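Content type PDB, C-alpha atoms and all ligand atoms, from the file query.pdb:
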ATOM      1  CA  MET G   1       0.000   0.000   0.000
ATOM      2  CA  SER G   2       1.126   3.517  -0.655
ATOM      3  CA  ASP G   3       1.005   6.310   1.892
ATOM      4  CA  GLN G   4      -2.294   7.603   0.517
ATOM      5  CA  LYS G   5      -4.841   8.364   3.214
ATOM      6  CA  PHE G   6      -8.092   6.453   3.278
ATOM      7  CA  GLN G   7     -11.202   7.218   5.257
ATOM      8  CA  ALA G   8     -12.528   4.751   7.798
ATOM      9  CA  HIS G   9     -15.326   3.487   5.539
ATOM     10  CA  GLU G  10     -13.324   3.496   2.329
ATOM     11  CA  ILE G  11     -12.285   0.255   0.708
ATOM     12  CA  ARG G  12      -8.677   0.451  -0.500
ATOM     13  CA  ASP G  13      -9.246   0.266  -4.200
ATOM     14  CA  ARG G  14      -6.993   2.691  -6.045
ATOM     15  CA  ILE G  15      -6.328   0.961  -9.349
ATOM     16  CA  ALA G  16      -5.671   2.693 -12.659
ATOM     17  CA  ILE G  17      -6.866   0.667 -15.635
ATOM     18  CA  ASN G  18      -7.254   2.028 -19.129
ATOM     19  CA  TYR G  19      -9.719   0.140 -21.234
ATOM     20  CA  LYS G  20     -12.357   0.592 -23.869
ATOM     21  CA  TYR G  21     -15.668  -1.128 -23.305
ATOM     22  CA  SER G  22     -18.175  -1.419 -26.122
ATOM     23  CA  LEU G  23     -21.810  -1.601 -25.092
ATOM     24  CA  GLY G  24     -22.960  -2.727 -28.509
ATOM     25  CA  GLY G  25     -26.727  -2.969 -28.709
ATOM     26  CA  GLN G  26     -27.173  -1.520 -25.212
ATOM     27  CA  SER G  27     -25.533   1.792 -26.184
ATOM     28  CA  LYS G  28     -28.865   3.499 -26.870
ATOM     29  CA  PHE G  29     -29.792   3.237 -23.180
ATOM     30  CA  PHE G  30     -26.722   5.203 -22.081
ATOM     31  CA  ILE G  31     -26.949   7.729 -24.924
ATOM     32  CA  GLU G  32     -30.581   8.528 -24.032
ATOM     33  CA  VAL G  33     -29.737   8.880 -20.330
ATOM     34  CA  MET G  34     -26.867  11.237 -21.174
ATOM     35  CA  ASN G  35     -28.467  13.368 -23.888
ATOM     36  CA  ASN G  36     -32.174  13.329 -23.090
ATOM     37  CA  LYS G  37     -32.579  12.197 -19.469
ATOM     38  CA  LYS G  38     -34.757   9.329 -20.646
ATOM     39  CA  ILE G  39     -34.706   5.805 -19.254
ATOM     40  CA  LEU G  40     -35.257   3.251 -22.002
ATOM     41  CA  GLY G  41     -36.264  -0.339 -21.575
ATOM     42  CA  THR G  42     -37.237  -2.872 -24.196
ATOM     43  CA  LYS G  43     -40.428  -4.722 -24.987
ATOM     44  CA  CYS G  44     -40.484  -8.163 -26.567
ATOM     45  CA  THR G  45     -42.106  -8.089 -30.009
ATOM     46  CA  LYS G  46     -43.626 -11.546 -29.424
ATOM     47  CA  CYS G  47     -44.671 -11.999 -25.777
ATOM     48  CA  GLY G  48     -44.749  -8.303 -24.819
ATOM     49  CA  LYS G  49     -42.564  -8.660 -21.721
ATOM     50  CA  THR G  50     -41.044  -5.332 -20.703
ATOM     51  CA  TRP G  51     -37.351  -5.546 -19.807
ATOM     52  CA  MET G  52     -35.644  -3.032 -17.574
ATOM     53  CA  PRO G  53     -32.644  -3.226 -17.720
ATOM     54  CA  PRO G  54     -33.198  -3.479 -21.460
ATOM     55  CA  ARG G  55     -32.486  -6.679 -23.329
ATOM     56  CA  ILE G  56     -32.009  -6.598 -27.061
ATOM     57  CA  ASN G  57     -33.535 -10.061 -27.290
ATOM     58  CA  CYS G  58     -36.224 -11.381 -24.969
ATOM     59  CA  SER G  59     -34.705 -13.883 -22.545
ATOM     60  CA  ASP G  60     -38.014 -15.739 -22.246
ATOM     61  CA  CYS G  61     -38.872 -16.414 -25.891
ATOM     62  CA  TYR G  62     -35.638 -15.421 -27.700
ATOM     63  CA  THR G  63     -37.393 -12.945 -29.966
ATOM     64  CA  SER G  64     -36.086  -9.454 -30.666
ATOM     65  CA  ALA G  65     -37.292  -6.647 -28.420
ATOM     66  CA  GLU G  66     -37.924  -2.997 -29.298
ATOM     67  CA  TRP G  67     -36.927   0.115 -27.390
ATOM     68  CA  ILE G  68     -39.571   1.846 -25.266
ATOM     69  CA  GLU G  69     -39.373   4.843 -22.968
ATOM     70  CA  MET G  70     -39.943   3.883 -19.348
ATOM     71  CA  LYS G  71     -41.601   5.872 -16.608
ATOM     72  CA  GLN G  72     -39.096   7.322 -14.138
ATOM     73  CA  THR G  73     -41.028   6.253 -11.079
ATOM     74  CA  GLY G  74     -40.937   2.836  -9.527
ATOM     75  CA  THR G  75     -41.043   0.636  -6.459
ATOM     76  CA  ILE G  76     -38.181  -0.744  -4.385
ATOM     77  CA  GLN G  77     -38.152  -4.557  -4.488
ATOM     78  CA  VAL G  78     -35.229  -5.018  -2.093
ATOM     79  CA  SER G  79     -32.537  -2.709  -0.745
ATOM     80  CA  THR G  80     -29.630  -2.337   1.621
ATOM     81  CA  ILE G  81     -27.784   0.615   3.137
ATOM     82  CA  VAL G  82     -24.157   0.980   2.106
ATOM     83  CA  TRP G  83     -21.558   1.922   4.737
ATOM     84  CA  TYR G  84     -18.404   0.552   3.115
ATOM     85  CA  THR G  85     -17.665   1.607  -0.423
ATOM     86  CA  THR G  86     -14.986   2.478  -2.947
ATOM     87  CA  SER G  87     -13.335   5.876  -3.388
ATOM     88  CA  ALA G  88     -15.766   6.727  -6.195
ATOM     89  CA  PHE G  89     -18.718   6.791  -3.789
ATOM     90  CA  ILE G  90     -17.107   7.549  -0.414
ATOM     91  CA  LYS G  91     -18.563  11.061  -0.234
ATOM     92  CA  ALA G  92     -22.089   9.678  -0.597
ATOM     93  CA  ILE G  93     -22.159   7.256   2.361
ATOM     94  CA  PRO G  94     -24.437   6.303   3.838
ATOM     95  CA  TYR G  95     -26.570   5.652   0.768
ATOM     96  CA  ALA G  96     -28.784   2.796  -0.297
ATOM     97  CA  ILE G  97     -28.751   0.498  -3.281
ATOM     98  CA  GLY G  98     -31.748  -1.456  -4.332
ATOM     99  CA  TYR G  99     -33.526  -3.349  -7.051
ATOM    100  CA  ILE G 100     -36.151  -1.038  -8.471
ATOM    101  CA  LYS G 101     -39.036  -2.044 -10.691
ATOM    102  CA  LEU G 102     -40.016   0.951 -12.801
ATOM    103  CA  ASP G 103     -43.744   1.428 -13.340
ATOM    104  CA  GLY G 104     -44.699  -0.651 -16.364
ATOM    105  CA  ALA G 105     -41.593  -2.853 -16.235
ATOM    106  CA  GLN G 106     -41.729  -6.560 -15.476
ATOM    107  CA  THR G 107     -38.108  -6.801 -14.305
ATOM    108  CA  ALA G 108     -36.074  -4.808 -11.788
ATOM    109  CA  PHE G 109     -32.610  -3.272 -11.939
ATOM    110  CA  LEU G 110     -29.989  -2.294  -9.387
ATOM    111  CA  GLN G 111     -29.434   1.395  -8.770
ATOM    112  CA  GLY G 112     -28.403   3.839  -6.046
ATOM    113  CA  ILE G 113     -31.035   5.375  -3.779
ATOM    114  CA  PHE G 114     -30.231   8.617  -1.952
ATOM    115  CA  SER G 115     -32.250  10.192   0.833
ATOM    116  CA  GLU G 116     -32.062  13.334   2.933
ATOM    117  CA  ASN G 117     -32.966  11.173   5.916
ATOM    118  CA  LEU G 118     -31.654   7.708   5.174
ATOM    119  CA  VAL G 119     -33.169   5.256   7.611
ATOM    120  CA  PRO G 120     -34.208   1.684   6.727
ATOM    121  CA  SER G 121     -37.900   2.563   6.659
ATOM    122  CA  LYS G 122     -37.244   5.095   3.863
ATOM    123  CA  VAL G 123     -35.928   2.436   1.502
ATOM    124  CA  LYS G 124     -37.939  -0.611   2.527
ATOM    125  CA  LYS G 125     -39.596  -2.971   0.066
ATOM    126  CA  GLY G 126     -42.576  -1.320  -1.597
ATOM    127  CA  SER G 127     -41.310   2.251  -1.138
ATOM    128  CA  ARG G 128     -41.932   4.592  -4.048
ATOM    129  CA  VAL G 129     -38.947   6.248  -5.733
ATOM    130  CA  LYS G 130     -38.288   8.615  -8.619
ATOM    131  CA  ALA G 131     -35.209   9.161 -10.792
ATOM    132  CA  VAL G 132     -32.980  12.237 -10.400
ATOM    133  CA  PHE G 133     -30.288  13.030 -12.977
ATOM    134  CA  LEU G 134     -26.868  14.627 -12.646
ATOM    135  CA  LYS G 135     -26.523  17.844 -14.626
ATOM    136  CA  LYS G 136     -23.061  16.649 -15.787
ATOM    137  CA  ARG G 137     -23.803  13.305 -17.404
ATOM    138  CA  GLU G 138     -21.228  11.024 -19.018
ATOM    139  CA  GLY G 139     -23.325   8.158 -20.358
ATOM    140  CA  LYS G 140     -22.882   6.016 -17.241
ATOM    141  CA  MET G 141     -25.209   4.201 -14.851
ATOM    142  CA  THR G 142     -24.182   6.773 -12.240
ATOM    143  CA  ASP G 143     -25.723   9.577 -14.359
ATOM    144  CA  PHE G 144     -28.920   9.044 -12.386
ATOM    145  CA  PHE G 145     -30.123   7.646  -9.098
ATOM    146  CA  PHE G 146     -33.371   7.320  -7.208
ATOM    147  CA  VAL G 147     -34.819   9.269  -4.295
ATOM    148  CA  PRO G 148     -37.981   8.721  -2.241
ATOM    149  CA  GLU G 149     -40.875  10.299  -4.163
ATOM    150  CA  ASP G 150     -41.575  12.768  -1.343
ATOM    151  CA  GLU G 151     -37.978  14.087  -1.582
ATOM    152  CA  TYR G 152     -37.959  14.509  -5.370
ATOM    153  CA  GLU G 153     -38.491  18.313  -5.432
ATOM    154  CA  THR G 154     -35.731  18.815  -2.840
ATOM    155  CA  TRP G 155     -33.229  16.810  -4.880
ATOM    156  CA  ILE G 156     -33.934  18.349  -8.286
ATOM    157  CA  ASN G 157     -33.528  21.820  -6.798
ATOM    158  CA  LYS G 158     -29.926  21.099  -5.735
ATOM    159  CA  PRO G 159     -27.433  22.797  -8.101
ATOM    160  CA  GLU G 160     -25.826  19.572  -9.359
ATOM    161  CA  TYR G 161     -29.051  17.662 -10.115
ATOM    162  CA  GLU G 162     -32.182  17.966 -12.219
ATOM    163  CA  GLY G 163     -35.341  16.111 -13.027
ATOM    164  CA  GLY G 164     -35.702  13.725 -15.948
ATOM    165  CA  ALA G 165     -37.523  14.088 -19.253
TER     166      ALA G 165
HETATM  167 ZN    ZN H   1     -40.706 -12.538 -25.228
END
Could you show the structure in this file as structure tokens?
Ligand SMILES: [Zn+2]
Amino acid sequence: MSDQKFQAHEIRDRIAINYKYSLGGQSKFFIEVMNNKKILGTKCTKCGKTWMPPRINCSDCYTSAEWIEMKQTGTIQVSTIVWYTTSAFIKAIPYAIGYIKLDGAQTAFLQGIFSENLVPSKVKKGSRVKAVFLKKREGKMTDFFFVPEDEYETWINKPEYEGGA
């Protein structure tokens, strides 16, 4: 280990890796998040199942799926509060992560959940959440996160965040 200082809850993770990762067919999801603050899922052209995270082909019937715009509200399916994290997220602790099923989706995806008053009851199963976007987006999953619906106005009025499309 070097002599770099780490905070008590920070996992020692300083690694520099240069790589290029191609998202292929999933690229549209990240481009829409970055440019238009839209969350896209896919819908199977045969059975109609709505996939979020999007799948280019339906995993149930192996038919191609088409892009659809998802609602930006949803329900927490399961969550946990994060106390130990990497340097990228150390300033945010404590925060929650959870599987969120967006309204209209039939599958759930993992995403960060922030709260002004983060206690377990705020992020319990069945809690309603809404997406908040960073003003500086880079086409990454971390370009948006979820907040309890009753905190949405507070979060989108912070200088670094804004509401979705
Ligand atoms: Zn299908």
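Evaluated against the shown file, the PyMOL selection byres (((chain G and resi 22-31) around 7) and not hetatm) gives G:Lys20, G:Tyr21, G:Glu32, G:Val33, G:Met34, G:Asn35, G:Ile39, G:Leu40, G:Ile56, G:Gly139, G:Lys140.
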Matched chain/residue IDs from the PyMOL selection byres (((not hetatm)) within 8 of (chain H and resi 1)), as an mmCIF file with C-alpha atoms, in the coordinates of the input:
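The file below, result-v3.cif, is the result:
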data_model
loop_
_atom_site.group_PDB
_atom_site.id
_atom_site.type_symbol
_atom_site.label_atom_id
_atom_site.label_comp_id
_atom_site.auth_asym_id
_atom_site.auth_seq_id
_atom_site.Cartn_x
_atom_site.Cartn_y
_atom_site.Cartn_z
ATOM 1 C CA LYS G 43 -40.428 -4.722 -24.987
ATOM 2 C CA CYS G 44 -40.484 -8.163 -26.567
ATOM 3 C CA THR G 45 -42.106 -8.089 -30.009
ATOM 4 C CA LYS G 46 -43.626 -11.546 -29.424
ATOM 5 C CA CYS G 47 -44.671 -11.999 -25.777
ATOM 6 C CA GLY G 48 -44.749 -8.303 -24.819
ATOM 7 C CA LYS G 49 -42.564 -8.660 -21.721
ATOM 8 C CA ASN G 57 -33.535 -10.061 -27.290
ATOM 9 C CA CYS G 58 -36.224 -11.381 -24.969
ATOM 10 C CA SER G 59 -34.705 -13.883 -22.545
ATOM 11 C CA ASP G 60 -38.014 -15.739 -22.246
ATOM 12 C CA CYS G 61 -38.872 -16.414 -25.891
ATOM 13 C CA TYR G 62 -35.638 -15.421 -27.700
ATOM 14 C CA THR G 63 -37.393 -12.945 -29.966
ATOM 15 C CA SER G 64 -36.086 -9.454 -30.666
ATOM 16 C CA ALA G 65 -37.292 -6.647 -28.420
#
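Closest approach to Gly41 in chain G among G:Phe145, G:Glu10, G:Lys101, G:Ile93: G:Lys101, based on all atoms listed in the file.
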Q: Spell out the residues picked by the PyMOL selection byres (((chain G and resi 131) around 12) and not hetatm) here, as a count of residues only.
A: 44
Q | Contact residues around range 51-55 of chain G with all atoms listed in the file at 6 Å, ignoring same-chain residues under 3 positions, as a VMD selection string | A | chain G and resid 41 to 42 107 109
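Distance-wise, CA of His9 in chain G and CA of Ile90 in chain G end up 7.4 Å apart.
One finds CA of Thr86 in chain G at 8.6 Å from CA of Arg14 in chain G.
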Q: One decimal, Å: what's the distance from CA of Ile81 in chain G over to CA of Lys122 in chain G, could you say?
A: 10.5 Å
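Nearest residue to Leu110 in chain G, choosing from G:Thr50, G:Ser87, G:Thr154, G:Ser79 and counting only C-alpha atoms: G:Ser79.
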Range 123-136 of chain G, all listed atoms, 8 Å padding on each side: what axis-aligned box centre and edge lengths in Å to one decimal come out, as AutoDock Vina command-line options?
--center_x -32.8 --center_y 7.4 --center_z -6.6 --size_x 35.5 --size_y 36.8 --size_z 34.3
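Counting all atoms listed in the file, the residue from G:Ile97, G:Leu118, G:Ala92, G:Ile15 that sits nearest to Val78 in chain G is G:Ile97.
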Q: For Asp13 in chain G, please output as an MDAnalysis selection string all residues within 12 Å (counting all atoms listed in the file; exclusion window: fewer than 3 positions along the same chain).
A: chainID G and resid 1:2 4:7 9:10 16:17 84:90
Dump of C-alpha atoms for the selected residues, as a PDB file, in the frame of the given file:
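Produced file out-v7.pdb, reproduced below:
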ATOM      1  CA  MET G   1       0.000   0.000   0.000  1.00  0.00           C
ATOM      2  CA  SER G   2       1.126   3.517  -0.655  1.00  0.00           C
ATOM      3  CA  GLN G   4      -2.294   7.603   0.517  1.00  0.00           C
ATOM      4  CA  LYS G   5      -4.841   8.364   3.214  1.00  0.00           C
ATOM      5  CA  PHE G   6      -8.092   6.453   3.278  1.00  0.00           C
ATOM      6  CA  GLN G   7     -11.202   7.218   5.257  1.00  0.00           C
ATOM      7  CA  HIS G   9     -15.326   3.487   5.539  1.00  0.00           C
ATOM      8  CA  GLU G  10     -13.324   3.496   2.329  1.00  0.00           C
ATOM      9  CA  ALA G  16      -5.671   2.693 -12.659  1.00  0.00           C
ATOM     10  CA  ILE G  17      -6.866   0.667 -15.635  1.00  0.00           C
ATOM     11  CA  TYR G  84     -18.404   0.552   3.115  1.00  0.00           C
ATOM     12  CA  THR G  85     -17.665   1.607  -0.423  1.00  0.00           C
ATOM     13  CA  THR G  86     -14.986   2.478  -2.947  1.00  0.00           C
ATOM     14  CA  SER G  87     -13.335   5.876  -3.388  1.00  0.00           C
ATOM     15  CA  ALA G  88     -15.766   6.727  -6.195  1.00  0.00           C
ATOM     16  CA  PHE G  89     -18.718   6.791  -3.789  1.00  0.00           C
ATOM     17  CA  ILE G  90     -17.107   7.549  -0.414  1.00  0.00           C
TER      18      ILE G  90
END
